[in-house]
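J.: Sharing a structure below in C-alpha cells format, with a few things to ask.
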Amino acid sequence: KKVTINLAPADIRKEGSAFDLPMAIGILAATGQIMRETFDDLVMLGELSLDGTLKPIPGVLPMAMNIHKNGIRGMIVPRENASEAAMAEGLEVYPVGSLREAVAFLEDERLVAPFKIDMKAVFNTARHYTIDFAEVKGQESTKRALEIAAAGGHNIILVGPPGSGKTMLARRLPTILPDMTLDEALETTKIHSVAGILPADTPLIATRTFRSPHHTISDAGLIGGGRIPRPGEVSLSHNGVLFLDELPEFRKDVLEMLRQPLEDGFVTISRAMTSLTYPCKLMLAAAMNPCPCGYYGDITHECSCSPVQMQKYHSRISGPLLDRIDIHIEVPAVKYKELSDTGMAEKSELIRERGNVARQRQHERFAGHKHIHCNAHMESKDIR
C-alpha cells in the first residue's frame, strides 16, 4: 500500500531521527498489527536501524521534562537514553532496544518495567573534578585574582608571556567556582543534550563546564545558529567558564558578538520559520600575550616588537568588550625555584569552600532582586 504520514502541525519544522519509532508504530497500528487502540498517555522517541534496533537520539532530557509538564504519563525511549530521560522526576520511562520490543510492550506493559534512577545519588557522584589548583606552582597573586573572580562571577583576562601558566590556571578555574545546584546541573545537561554532545554514560552534568574554542571559530559556532539552529559555545558554557585563549587571534567581528550575550545572559537566534532562545549565563576567562612576540615586560627575554606592532596587536580587541571584563591581571613567568618546589599548594576544594561562603553572602544581600545572583550581575544603581 501507499502510506502517507502527516506530521501535524505542518507549520512547525520537523528535524531529526526521533520520529522513526512513532511513525513505525503508527503504520503497524493503522494496518491492524497492533491491537491497542490509543497511545495518548505515552510519547515514543527513537531512531530505527534497518534491522529494527533502536539507536539513541539527542535532546531527550528537555523533551522528557516538557512531556511531564504536559501531564503525559510516560515515554518509550531507546535503552541508551533511559538514564537521561529518567532525570525528569515523576515520568515513567520505558527503555526498549528494538521495534519488536516496543510492539511487545504496547501489547503487554508488564514486559518492561519503568526505569528508575536516584537523581541525588547521581548528582553527588558526578561532582568530581579530575584536575586541581594544587597542581599549579607559584602564581599566588593570579590565584587570588581567580578566587575573587570565581566568588563574584566576574569575567577575567590573564596577560603574560608564553609559558607563564595562563592556560593551566584557566583550566582549573571551574574547580574553584561555587558548587552547582541541582537546578543548574539540569539546565546545563539540557543544553548539552540538545546539542547532541552529552556522553552516553553521563545522565547529568554536575560539574562546571569549561569550553575552550579555537580562535578560528565562526560566529555561528560561538553564538549559535546554523541552518537548523543549535546552541553555540556561549550556551554550552552556561553555568560554567568560556575560555578564549590567545584573545587577539579571534576574528574581531566574532568577538564583538560576545558583547550582548555577556550583558543579557541569553542568546536569541531568529530564522524565517522559528526563533529560539538559549541561556548563556557564563563566566568569561581570556588569555593573551602582552605583545606579538609575547615578551614585553619580561625580565628574562628581550621584546622585539615595535610600538606600531604593539598598537596594532592591542587594537584587535575593542574597548567595549574589555569593559565587560572586570578583572585584568598580569601573569609573570614562574621562577625555577617556585617550579622545583615539592610542597603542595592549596587544593581547589578549600578555595571552593571560601567561594561558597562568599556566594551565600551575595544571595542574602540580593534576596529582593530576581535578576541578581552574584556581584557581577549588579548594575550601577545596585553598586551605589
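By order in the C-alpha cells, chains are A, B, ...; within a chain, residues start at 1; ligands start at 1, following the order shown.
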Using only C-alpha atoms, determine which residues lie at most 10 Å from A:Ser218, disregarding the query and same-chain residues fewer than 5 positions distant; provide the list as a list in words.
T.: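 The residues that qualify are Pro213, Ile223, Gly224, Gly232, Phe250, Arg251, Asp253 and Val254 of chain A.
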J.: Deliver the residues from the most recent selection as a file, using N, CA, C and O atoms, as an mmCIF file, in the first residue's frame.
T.:
data_model
loop_
_atom_site.group_PDB
_atom_site.id
_atom_site.type_symbol
_atom_site.label_atom_id
_atom_site.label_comp_id
_atom_site.auth_asym_id
_atom_site.auth_seq_id
_atom_site.Cartn_x
_atom_site.Cartn_y
_atom_site.Cartn_z
ATOM 1 N N PRO A 213 37.087 27.130 22.796
ATOM 2 C CA PRO A 213 37.085 27.029 21.328
ATOM 3 C C PRO A 213 38.371 27.579 20.712
ATOM 4 O O PRO A 213 39.024 28.459 21.292
ATOM 5 N N ILE A 223 28.259 31.799 18.947
ATOM 6 C CA ILE A 223 26.995 32.314 19.473
ATOM 7 C C ILE A 223 25.867 31.305 19.309
ATOM 8 O O ILE A 223 24.928 31.250 20.112
ATOM 9 N N GLY A 224 25.931 30.476 18.261
ATOM 10 C CA GLY A 224 24.851 29.539 17.955
ATOM 11 C C GLY A 224 24.227 29.908 16.622
ATOM 12 O O GLY A 224 24.361 31.034 16.137
ATOM 13 N N GLY A 232 25.504 27.468 20.596
ATOM 14 C CA GLY A 232 26.926 27.685 20.346
ATOM 15 C C GLY A 232 27.743 27.526 21.619
ATOM 16 O O GLY A 232 27.227 27.106 22.661
ATOM 17 N N PHE A 250 41.377 35.886 17.704
ATOM 18 C CA PHE A 250 39.997 35.677 17.266
ATOM 19 C C PHE A 250 39.586 36.796 16.308
ATOM 20 O O PHE A 250 40.053 37.939 16.434
ATOM 21 N N ARG A 251 38.724 36.465 15.357
ATOM 22 C CA ARG A 251 38.223 37.481 14.436
ATOM 23 C C ARG A 251 37.481 38.564 15.210
ATOM 24 O O ARG A 251 36.720 38.273 16.135
ATOM 25 N N ASP A 253 34.972 40.530 14.380
ATOM 26 C CA ASP A 253 33.509 40.502 14.306
ATOM 27 C C ASP A 253 32.933 39.398 15.188
ATOM 28 O O ASP A 253 31.832 39.539 15.737
ATOM 29 N N VAL A 254 33.685 38.298 15.379
ATOM 30 C CA VAL A 254 33.224 37.223 16.262
ATOM 31 C C VAL A 254 33.262 37.686 17.718
ATOM 32 O O VAL A 254 32.319 37.453 18.485
#
J.: Please identify all polymer residues within 7 Å of A:Leu282, counting only C-alpha atoms, omitting same-chain residues fewer than 2 positions from it, and present them as a count of residues only.
T.: 8
J.: Could you please write out, as a list in words, every residue of stretch 34-106 of chain A that DSSP assigns to alpha helix (DSSP H)?
T.: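 Those in stretch 34-106 of chain A that DSSP calls alpha helix (DSSP H) are Val60, Leu61, Pro62, Met63, Ala64, Met65, Asn66, Ile67, His68, Lys69, Ala82, Ser83, Glu84, Ala85, Leu99, Arg100, Glu101, Ala102, Val103, Ala104, Phe105 and Leu106 of chain A.
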J.: Pull N, CA, C and O atoms from the residues just selected and write them as an mmCIF file, in the first residue's frame.
T.:
data_model
loop_
_atom_site.group_PDB
_atom_site.id
_atom_site.type_symbol
_atom_site.label_atom_id
_atom_site.label_comp_id
_atom_site.auth_asym_id
_atom_site.auth_seq_id
_atom_site.Cartn_x
_atom_site.Cartn_y
_atom_site.Cartn_z
ATOM 1 N N VAL A 60 16.866 14.314 24.588
ATOM 2 C CA VAL A 60 15.821 13.556 25.292
ATOM 3 C C VAL A 60 15.419 14.241 26.607
ATOM 4 O O VAL A 60 14.238 14.283 26.950
ATOM 5 N N LEU A 61 16.390 14.773 27.370
ATOM 6 C CA LEU A 61 16.065 15.346 28.681
ATOM 7 C C LEU A 61 15.093 16.516 28.589
ATOM 8 O O LEU A 61 14.071 16.524 29.293
ATOM 9 N N PRO A 62 15.333 17.544 27.755
ATOM 10 C CA PRO A 62 14.344 18.634 27.680
ATOM 11 C C PRO A 62 12.974 18.156 27.200
ATOM 12 O O PRO A 62 11.941 18.666 27.649
ATOM 13 N N MET A 63 12.960 17.164 26.288
ATOM 14 C CA MET A 63 11.672 16.629 25.834
ATOM 15 C C MET A 63 10.962 15.916 26.979
ATOM 16 O O MET A 63 9.749 16.075 27.169
ATOM 17 N N ALA A 64 11.697 15.140 27.761
ATOM 18 C CA ALA A 64 11.102 14.410 28.878
ATOM 19 C C ALA A 64 10.518 15.367 29.912
ATOM 20 O O ALA A 64 9.414 15.148 30.424
ATOM 21 N N MET A 65 11.241 16.448 30.212
ATOM 22 C CA MET A 65 10.752 17.407 31.209
ATOM 23 C C MET A 65 9.503 18.121 30.702
ATOM 24 O O MET A 65 8.574 18.393 31.467
ATOM 25 N N ASN A 66 9.456 18.420 29.412
ATOM 26 C CA ASN A 66 8.282 19.076 28.834
ATOM 27 C C ASN A 66 7.085 18.120 28.796
ATOM 28 O O ASN A 66 5.944 18.524 29.036
ATOM 29 N N ILE A 67 7.341 16.848 28.511
ATOM 30 C CA ILE A 67 6.282 15.840 28.497
ATOM 31 C C ILE A 67 5.641 15.723 29.870
ATOM 32 O O ILE A 67 4.417 15.668 30.016
ATOM 33 N N HIS A 68 6.492 15.715 30.913
ATOM 34 C CA HIS A 68 5.974 15.605 32.275
ATOM 35 C C HIS A 68 5.114 16.818 32.639
ATOM 36 O O HIS A 68 4.070 16.684 33.285
ATOM 37 N N LYS A 69 5.567 18.015 32.212
ATOM 38 C CA LYS A 69 4.779 19.231 32.486
ATOM 39 C C LYS A 69 3.402 19.180 31.839
ATOM 40 O O LYS A 69 2.433 19.731 32.355
ATOM 41 N N ALA A 82 17.719 6.003 28.446
ATOM 42 C CA ALA A 82 16.831 5.812 29.591
ATOM 43 C C ALA A 82 17.266 6.615 30.810
ATOM 44 O O ALA A 82 16.446 7.291 31.450
ATOM 45 N N SER A 83 18.570 6.574 31.160
ATOM 46 C CA SER A 83 19.029 7.273 32.364
ATOM 47 C C SER A 83 18.874 8.782 32.215
ATOM 48 O O SER A 83 18.556 9.492 33.178
ATOM 49 N N GLU A 84 19.078 9.292 31.003
ATOM 50 C CA GLU A 84 18.909 10.729 30.754
ATOM 51 C C GLU A 84 17.443 11.128 30.905
ATOM 52 O O GLU A 84 17.121 12.112 31.577
ATOM 53 N N ALA A 85 16.523 10.353 30.309
ATOM 54 C CA ALA A 85 15.092 10.668 30.394
ATOM 55 C C ALA A 85 14.576 10.556 31.818
ATOM 56 O O ALA A 85 13.676 11.304 32.230
ATOM 57 N N LEU A 99 12.309 -2.262 17.688
ATOM 58 C CA LEU A 99 10.902 -2.080 17.331
ATOM 59 C C LEU A 99 10.071 -3.250 17.844
ATOM 60 O O LEU A 99 8.949 -3.076 18.325
ATOM 61 N N ARG A 100 10.621 -4.462 17.766
ATOM 62 C CA ARG A 100 9.895 -5.646 18.242
ATOM 63 C C ARG A 100 9.587 -5.534 19.738
ATOM 64 O O ARG A 100 8.485 -5.847 20.194
ATOM 65 N N GLU A 101 10.588 -5.059 20.532
ATOM 66 C CA GLU A 101 10.369 -4.872 21.976
ATOM 67 C C GLU A 101 9.311 -3.813 22.241
ATOM 68 O O GLU A 101 8.502 -3.945 23.159
ATOM 69 N N ALA A 102 9.324 -2.728 21.455
ATOM 70 C CA ALA A 102 8.342 -1.663 21.637
ATOM 71 C C ALA A 102 6.926 -2.174 21.378
ATOM 72 O O ALA A 102 5.989 -1.860 22.127
ATOM 73 N N VAL A 103 6.753 -2.974 20.320
ATOM 74 C CA VAL A 103 5.439 -3.542 19.998
ATOM 75 C C VAL A 103 4.991 -4.494 21.101
ATOM 76 O O VAL A 103 3.832 -4.465 21.550
ATOM 77 N N ALA A 104 5.912 -5.329 21.581
ATOM 78 C CA ALA A 104 5.574 -6.267 22.654
ATOM 79 C C ALA A 104 5.158 -5.526 23.912
ATOM 80 O O ALA A 104 4.207 -5.929 24.607
ATOM 81 N N PHE A 105 5.835 -4.423 24.222
ATOM 82 C CA PHE A 105 5.472 -3.615 25.395
ATOM 83 C C PHE A 105 4.078 -3.018 25.234
ATOM 84 O O PHE A 105 3.279 -3.008 26.185
ATOM 85 N N LEU A 106 3.765 -2.488 24.052
ATOM 86 C CA LEU A 106 2.447 -1.888 23.827
ATOM 87 C C LEU A 106 1.331 -2.935 23.918
ATOM 88 O O LEU A 106 0.205 -2.611 24.290
#
J.: Counting only C-alpha atoms, what are the residues of stretch 143-174 of chain A within 10 Å of stretch 346-360 of chain A, and for each of them which pair of atoms is the nearest and at what distance in Å, to one decimal? Sort the table by chain and rising number, as a tab-separated table.
T.:
residue	atom	partner	partner_atom	distance
A:Lys143	CA	A:Ile351	CA	9.7
A:Arg144	CA	A:Ile351	CA	9.6
A:Glu147	CA	A:Ile351	CA	7.1
A:Ile148	CA	A:Gly355	CA	8.1
A:Ala149	CA	A:Gly355	CA	9.5
A:Ala150	CA	A:Gly355	CA	6.9
A:Ala151	CA	A:Gly355	CA	4.7
A:Gly152	CA	A:Arg359	CA	6.9
A:Gly153	CA	A:Arg359	CA	9.0
A:Arg172	CA	A:Ser348	CA	8.2
A:Leu173	CA	A:Ser348	CA	8.9
A:Pro174	CA	A:Ser348	CA	9.3
J.: For A:Phe243, please output as a short mmCIF file (atom, residue, chain, number, x, y, z; two decimals) with N, CA, C and O atoms, in the first residue's frame all residues within 12 Å (counting only C-alpha atoms; exclusion window: fewer than 5 positions along the same chain).
T.:
data_model
loop_
_atom_site.label_atom_id
_atom_site.label_comp_id
_atom_site.auth_asym_id
_atom_site.auth_seq_id
_atom_site.Cartn_x
_atom_site.Cartn_y
_atom_site.Cartn_z
N ASN A 155 34.13 38.31 35.02
CA ASN A 155 34.96 37.96 33.88
C ASN A 155 36.40 38.38 34.17
O ASN A 155 36.64 39.37 34.87
N ILE A 156 37.37 37.65 33.60
CA ILE A 156 38.78 37.92 33.92
C ILE A 156 39.64 37.67 32.68
O ILE A 156 39.33 36.81 31.85
N ILE A 157 40.69 38.48 32.54
CA ILE A 157 41.66 38.28 31.45
C ILE A 157 43.05 38.17 32.06
O ILE A 157 43.42 38.93 32.96
N LEU A 158 43.81 37.17 31.59
CA LEU A 158 45.16 36.92 32.06
C LEU A 158 46.14 37.36 30.98
O LEU A 158 46.07 36.91 29.84
N LYS A 166 49.12 30.54 31.98
CA LYS A 166 47.79 31.15 31.84
C LYS A 166 46.72 30.10 31.54
O LYS A 166 45.65 30.08 32.17
N THR A 167 47.00 29.23 30.58
CA THR A 167 46.01 28.21 30.20
C THR A 167 45.82 27.19 31.32
O THR A 167 44.70 26.77 31.61
N MET A 168 46.89 26.81 31.97
CA MET A 168 46.81 25.86 33.08
C MET A 168 45.95 26.41 34.21
O MET A 168 45.11 25.70 34.78
N LEU A 169 46.11 27.68 34.52
CA LEU A 169 45.31 28.32 35.56
C LEU A 169 43.84 28.40 35.15
O LEU A 169 42.94 28.11 35.95
N ALA A 170 43.61 28.79 33.90
CA ALA A 170 42.22 28.94 33.42
C ALA A 170 41.48 27.60 33.42
O ALA A 170 40.29 27.55 33.76
N ARG A 171 42.17 26.52 33.06
CA ARG A 171 41.53 25.20 33.04
C ARG A 171 41.08 24.75 34.43
O ARG A 171 40.16 23.96 34.57
N ARG A 172 41.73 25.27 35.45
CA ARG A 172 41.38 24.91 36.82
C ARG A 172 40.40 25.88 37.45
O ARG A 172 39.99 25.68 38.61
N LEU A 173 40.01 26.90 36.71
CA LEU A 173 39.04 27.88 37.23
C LEU A 173 37.69 27.24 37.59
O LEU A 173 37.12 27.55 38.64
N PRO A 174 37.13 26.33 36.77
CA PRO A 174 35.84 25.72 37.16
C PRO A 174 35.90 24.97 38.48
O PRO A 174 34.88 24.85 39.18
N THR A 209 31.07 23.51 33.56
CA THR A 209 31.62 23.23 32.24
C THR A 209 32.78 24.17 31.92
O THR A 209 32.83 25.31 32.40
N PHE A 210 33.69 23.70 31.09
CA PHE A 210 34.81 24.51 30.61
C PHE A 210 34.90 24.31 29.11
O PHE A 210 35.14 23.21 28.63
N ARG A 211 34.66 25.38 28.36
CA ARG A 211 34.71 25.33 26.91
C ARG A 211 35.85 26.24 26.43
O ARG A 211 35.96 27.38 26.88
N SER A 212 36.68 25.71 25.54
CA SER A 212 37.83 26.46 25.04
C SER A 212 37.89 26.34 23.52
O SER A 212 38.67 25.53 22.99
N PRO A 213 37.09 27.13 22.80
CA PRO A 213 37.09 27.03 21.33
C PRO A 213 38.37 27.58 20.71
O PRO A 213 39.02 28.46 21.29
N HIS A 214 38.72 27.06 19.54
CA HIS A 214 39.89 27.54 18.81
C HIS A 214 39.61 28.92 18.23
O HIS A 214 38.45 29.27 17.97
N HIS A 215 40.66 29.70 18.01
CA HIS A 215 40.45 31.08 17.55
C HIS A 215 39.92 31.16 16.12
O HIS A 215 39.56 32.25 15.66
N LEU A 222 30.30 30.13 17.80
CA LEU A 222 30.46 30.76 19.10
C LEU A 222 29.12 31.15 19.72
O LEU A 222 28.84 30.84 20.88
N GLU A 233 29.01 27.90 21.54
CA GLU A 233 29.91 27.72 22.68
C GLU A 233 29.48 28.55 23.89
O GLU A 233 29.68 28.12 25.03
N VAL A 234 28.89 29.73 23.67
CA VAL A 234 28.47 30.55 24.81
C VAL A 234 27.36 29.85 25.60
O VAL A 234 27.30 29.94 26.83
N LEU A 236 26.86 26.46 25.54
CA LEU A 236 27.45 25.25 26.10
C LEU A 236 28.28 25.57 27.35
O LEU A 236 28.58 24.68 28.15
N SER A 237 28.64 26.86 27.53
CA SER A 237 29.37 27.30 28.72
C SER A 237 28.44 27.77 29.81
O SER A 237 28.90 28.28 30.84
N LEU A 282 27.37 32.86 31.84
CA LEU A 282 28.70 32.24 31.91
C LEU A 282 29.71 33.20 32.52
O LEU A 282 29.43 34.38 32.71
N MET A 283 30.86 32.64 32.80
CA MET A 283 31.99 33.44 33.25
C MET A 283 33.03 33.40 32.14
O MET A 283 33.46 32.32 31.72
N LEU A 284 33.39 34.57 31.62
CA LEU A 284 34.37 34.64 30.53
C LEU A 284 35.77 34.75 31.10
O LEU A 284 36.05 35.63 31.92
N ALA A 285 36.64 33.86 30.68
CA ALA A 285 38.06 33.94 31.01
C ALA A 285 38.83 34.02 29.70
O ALA A 285 38.54 33.29 28.76
N ALA A 286 39.78 34.92 29.62
CA ALA A 286 40.56 35.10 28.40
C ALA A 286 42.04 35.17 28.75
O ALA A 286 42.41 35.47 29.89
N ALA A 287 42.88 34.87 27.77
CA ALA A 287 44.32 34.95 27.96
C ALA A 287 44.95 35.55 26.72
O ALA A 287 44.46 35.34 25.60
N MET A 288 46.00 36.33 26.92
CA MET A 288 46.70 36.93 25.79
C MET A 288 48.13 37.26 26.19
O MET A 288 48.46 37.37 27.38
#
J.: Go through stretch 105-205 of chain A and collect every residue that DSSP, computed from the backbone, puts in strand (DSSP E or B); the answer should be as a count of residues only.
T.: 4
J.: Could you produce a table of the residues of stretch 91-185 of chain A lying within 12 Å of stretch 291-305 of chain A, with the nearest pair of atoms per residue and their separation in Å rounded to one decimal, using only C-alpha atoms, ordered by chain and increasing residue number, as a tab-separated table?
T.:
residue	atom	partner	partner_atom	distance
A:Val159	CA	A:Gly294	CA	9.5
A:Gly160	CA	A:Gly294	CA	7.3
A:Pro161	CA	A:Gly294	CA	4.9
A:Pro162	CA	A:Gly294	CA	6.2
A:Gly163	CA	A:Gly294	CA	9.9
A:Ser164	CA	A:Asp298	CA	10.5
J.: In Å to one decimal, how far is atom CA of A:Thr175 from atom CA of A:Asp382?
T.: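 If I compute the distance from atom CA of A:Asp382 to atom CA of A:Thr175, I get 28.7 Å.
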J.: With 8 Å as the cut-off and only C-alpha atoms counted, what is the closest atom pair between each nearby residue of stretch 279-378 of chain A and stretch 125-139 of chain A? Distances in Å to one decimal, ordered by chain and number, as a tab-separated table.
T.:
residue	atom	partner	partner_atom	distance
A:Val331	CA	A:Gln139	CA	7.3
A:Pro332	CA	A:Gln139	CA	7.7
A:Val334	CA	A:Gly138	CA	6.6
A:Glu338	CA	A:Gly138	CA	5.6
A:Leu339	CA	A:Lys137	CA	5.6
A:Asp341	CA	A:Lys137	CA	7.5
A:Met344	CA	A:Ala134	CA	5.9
A:Ala345	CA	A:Ala134	CA	4.5
A:Glu346	CA	A:Ala134	CA	5.2
A:Lys347	CA	A:Ala134	CA	4.7
A:Ser348	CA	A:Phe133	CA	5.1
J.: Please save C-alpha atoms of the selected residues as a PDB file, in the first residue's frame.
T.:
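Saved the output as out.pdb:
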ATOM      1  CA  VAL A 331      50.739  36.714  34.966  1.00  0.00           C
ATOM      2  CA  PRO A 332      54.541  36.802  35.273  1.00  0.00           C
ATOM      3  CA  VAL A 334      57.342  31.438  37.115  1.00  0.00           C
ATOM      4  CA  GLU A 338      58.999  28.010  42.552  1.00  0.00           C
ATOM      5  CA  LEU A 339      58.657  25.362  39.825  1.00  0.00           C
ATOM      6  CA  ASP A 341      59.259  23.355  44.974  1.00  0.00           C
ATOM      7  CA  MET A 344      51.670  21.116  47.692  1.00  0.00           C
ATOM      8  CA  ALA A 345      49.728  24.293  47.058  1.00  0.00           C
ATOM      9  CA  GLU A 346      46.201  24.917  48.371  1.00  0.00           C
ATOM     10  CA  LYS A 347      43.614  22.477  46.996  1.00  0.00           C
ATOM     11  CA  SER A 348      40.648  23.552  44.881  1.00  0.00           C
TER      12      SER A 348
END
J.: Need the shell around A:Leu321: protein/DNA/RNA residues with any atom at most 9 Å away, counting only C-alpha atoms. Skip same-chain ones fewer than 3 positions apart. Format as number ranges by chain?
T.: A: 255-256, 258-259, 317-318, 324-325
J.: Could you dump the residues just selected with all heavy atoms as a PDB file, in the first residue's frame?
T.:
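Dumped everything to out.pdb:
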ATOM      1  N   LEU A 255      34.341  38.371  18.111  1.00  0.00           N
ATOM      2  CA  LEU A 255      34.448  38.866  19.481  1.00  0.00           C
ATOM      3  C   LEU A 255      33.370  39.891  19.795  1.00  0.00           C
ATOM      4  O   LEU A 255      32.827  39.920  20.902  1.00  0.00           O
ATOM      5  CB  LEU A 255      35.837  39.483  19.707  1.00  0.00           C
ATOM      6  CG  LEU A 255      37.019  38.509  19.784  1.00  0.00           C
ATOM      7  CD1 LEU A 255      38.315  39.284  19.985  1.00  0.00           C
ATOM      8  CD2 LEU A 255      36.820  37.500  20.894  1.00  0.00           C
ATOM      9  N   GLU A 256      33.039  40.740  18.811  1.00  0.00           N
ATOM     10  CA  GLU A 256      32.023  41.772  19.052  1.00  0.00           C
ATOM     11  C   GLU A 256      30.652  41.161  19.339  1.00  0.00           C
ATOM     12  O   GLU A 256      29.828  41.752  20.036  1.00  0.00           O
ATOM     13  CB  GLU A 256      31.932  42.715  17.839  1.00  0.00           C
ATOM     14  CG  GLU A 256      33.144  43.613  17.666  1.00  0.00           C
ATOM     15  CD  GLU A 256      33.446  44.430  18.905  1.00  0.00           C
ATOM     16  OE1 GLU A 256      32.584  45.219  19.330  1.00  0.00           O
ATOM     17  OE2 GLU A 256      34.532  44.262  19.479  1.00  0.00           O
ATOM     18  N   LEU A 258      30.075  38.793  21.215  1.00  0.00           N
ATOM     19  CA  LEU A 258      30.016  38.376  22.610  1.00  0.00           C
ATOM     20  C   LEU A 258      29.402  39.435  23.517  1.00  0.00           C
ATOM     21  O   LEU A 258      28.932  39.119  24.617  1.00  0.00           O
ATOM     22  CB  LEU A 258      31.427  38.072  23.126  1.00  0.00           C
ATOM     23  CG  LEU A 258      32.005  36.678  22.872  1.00  0.00           C
ATOM     24  CD1 LEU A 258      33.455  36.648  23.332  1.00  0.00           C
ATOM     25  CD2 LEU A 258      31.196  35.625  23.595  1.00  0.00           C
ATOM     26  N   ARG A 259      29.392  40.691  23.070  1.00  0.00           N
ATOM     27  CA  ARG A 259      29.015  41.774  23.961  1.00  0.00           C
ATOM     28  C   ARG A 259      27.593  41.632  24.494  1.00  0.00           C
ATOM     29  O   ARG A 259      27.354  41.736  25.709  1.00  0.00           O
ATOM     30  CB  ARG A 259      29.179  43.117  23.236  1.00  0.00           C
ATOM     31  CG  ARG A 259      30.634  43.514  23.076  1.00  0.00           C
ATOM     32  CD  ARG A 259      30.879  44.512  21.972  1.00  0.00           C
ATOM     33  NE  ARG A 259      30.096  45.721  22.118  1.00  0.00           N
ATOM     34  CZ  ARG A 259      30.157  46.759  21.284  1.00  0.00           C
ATOM     35  NH1 ARG A 259      30.991  46.702  20.251  1.00  0.00           N
ATOM     36  NH2 ARG A 259      29.415  47.818  21.466  1.00  0.00           N
ATOM     37  N   ILE A 317      41.274  44.001  19.959  1.00  0.00           N
ATOM     38  CA  ILE A 317      40.240  43.827  20.989  1.00  0.00           C
ATOM     39  C   ILE A 317      39.622  45.189  21.256  1.00  0.00           C
ATOM     40  O   ILE A 317      40.314  46.146  21.595  1.00  0.00           O
ATOM     41  CB  ILE A 317      40.842  43.267  22.289  1.00  0.00           C
ATOM     42  CG1 ILE A 317      41.687  42.041  21.992  1.00  0.00           C
ATOM     43  CG2 ILE A 317      39.740  42.903  23.270  1.00  0.00           C
ATOM     44  CD1 ILE A 317      42.550  41.604  23.140  1.00  0.00           C
ATOM     45  N   SER A 318      38.310  45.288  21.107  1.00  0.00           N
ATOM     46  CA  SER A 318      37.636  46.579  21.237  1.00  0.00           C
ATOM     47  C   SER A 318      37.495  46.999  22.701  1.00  0.00           C
ATOM     48  O   SER A 318      37.453  46.153  23.608  1.00  0.00           O
ATOM     49  CB  SER A 318      36.246  46.515  20.593  1.00  0.00           C
ATOM     50  OG  SER A 318      35.386  45.693  21.356  1.00  0.00           O
ATOM     51  N   ARG A 324      33.681  44.882  29.556  1.00  0.00           N
ATOM     52  CA  ARG A 324      32.857  43.817  30.150  1.00  0.00           C
ATOM     53  C   ARG A 324      33.699  42.770  30.876  1.00  0.00           C
ATOM     54  O   ARG A 324      33.163  41.803  31.402  1.00  0.00           O
ATOM     55  CB  ARG A 324      32.007  43.153  29.056  1.00  0.00           C
ATOM     56  CG  ARG A 324      30.846  44.041  28.608  1.00  0.00           C
ATOM     57  CD  ARG A 324      30.244  43.567  27.300  1.00  0.00           C
ATOM     58  NE  ARG A 324      29.034  44.313  26.959  1.00  0.00           N
ATOM     59  CZ  ARG A 324      29.004  45.528  26.436  1.00  0.00           C
ATOM     60  NH1 ARG A 324      30.151  46.156  26.203  1.00  0.00           N
ATOM     61  NH2 ARG A 324      27.866  46.127  26.163  1.00  0.00           N
ATOM     62  N   ILE A 325      35.020  42.954  30.865  1.00  0.00           N
ATOM     63  CA  ILE A 325      35.916  42.061  31.605  1.00  0.00           C
ATOM     64  C   ILE A 325      36.360  42.808  32.858  1.00  0.00           C
ATOM     65  O   ILE A 325      37.126  43.768  32.789  1.00  0.00           O
ATOM     66  CB  ILE A 325      37.115  41.638  30.740  1.00  0.00           C
ATOM     67  CG1 ILE A 325      36.628  40.920  29.472  1.00  0.00           C
ATOM     68  CG2 ILE A 325      38.048  40.728  31.525  1.00  0.00           C
ATOM     69  CD1 ILE A 325      37.727  40.534  28.508  1.00  0.00           C
TER      70      ILE A 325
END
J.: Restricting the calculation to only C-alpha atoms: of A:Arg208, A:His328, A:Lys312, A:His154, which residue gets closest to A:Cys374?
T.: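 Smallest distance to A:Cys374 is found for A:His154.
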J.: Go through A:Met378, A:Leu146, A:Ile117, A:Ile25 and flag the residue nearest A:Ile327, using only C-alpha atoms for the distances.
T.: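 Result for the nearest residue to A:Ile327: A:Leu146.
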J.: Write out as JSON, numbers by chain the residues lying within 12 Å of stretch 70-73 of chain A, counting only C-alpha atoms and excluding same-chain residues fewer than 2 positions away.
T.: {"A": [39, 40, 41, 42, 43, 44, 63, 64, 65, 66, 67, 68, 75, 76, 88, 89, 90, 91, 92, 93, 94, 114]}
J.: Could you check the closest approach to A:Leu54 for each of A:Ala30, A:Val267, A:Val96, A:Ile191 and tell me which residue wins, using only C-alpha atoms?
T.: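 With only C-alpha atoms as the atom set, the closest residue is A:Val96.
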J.: Please report the interatomic distance between atom CA of A:Pro229 and atom CA of A:Pro203 in Å with one decimal.
T.: 23.4 Å
J.: Might you pull out every residue within 12 Å of A:Ile27, with only C-alpha atoms counted and same-chain residues fewer than 5 positions away left off, and present them as a list in words?
T.: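 What passes the distance filter is Lys1, Lys2, Val3, Thr4, Ile5, Asn6, Asp20, Leu21, Pro22, Gly32, Gln33, Ile34 and Val103 of chain A.
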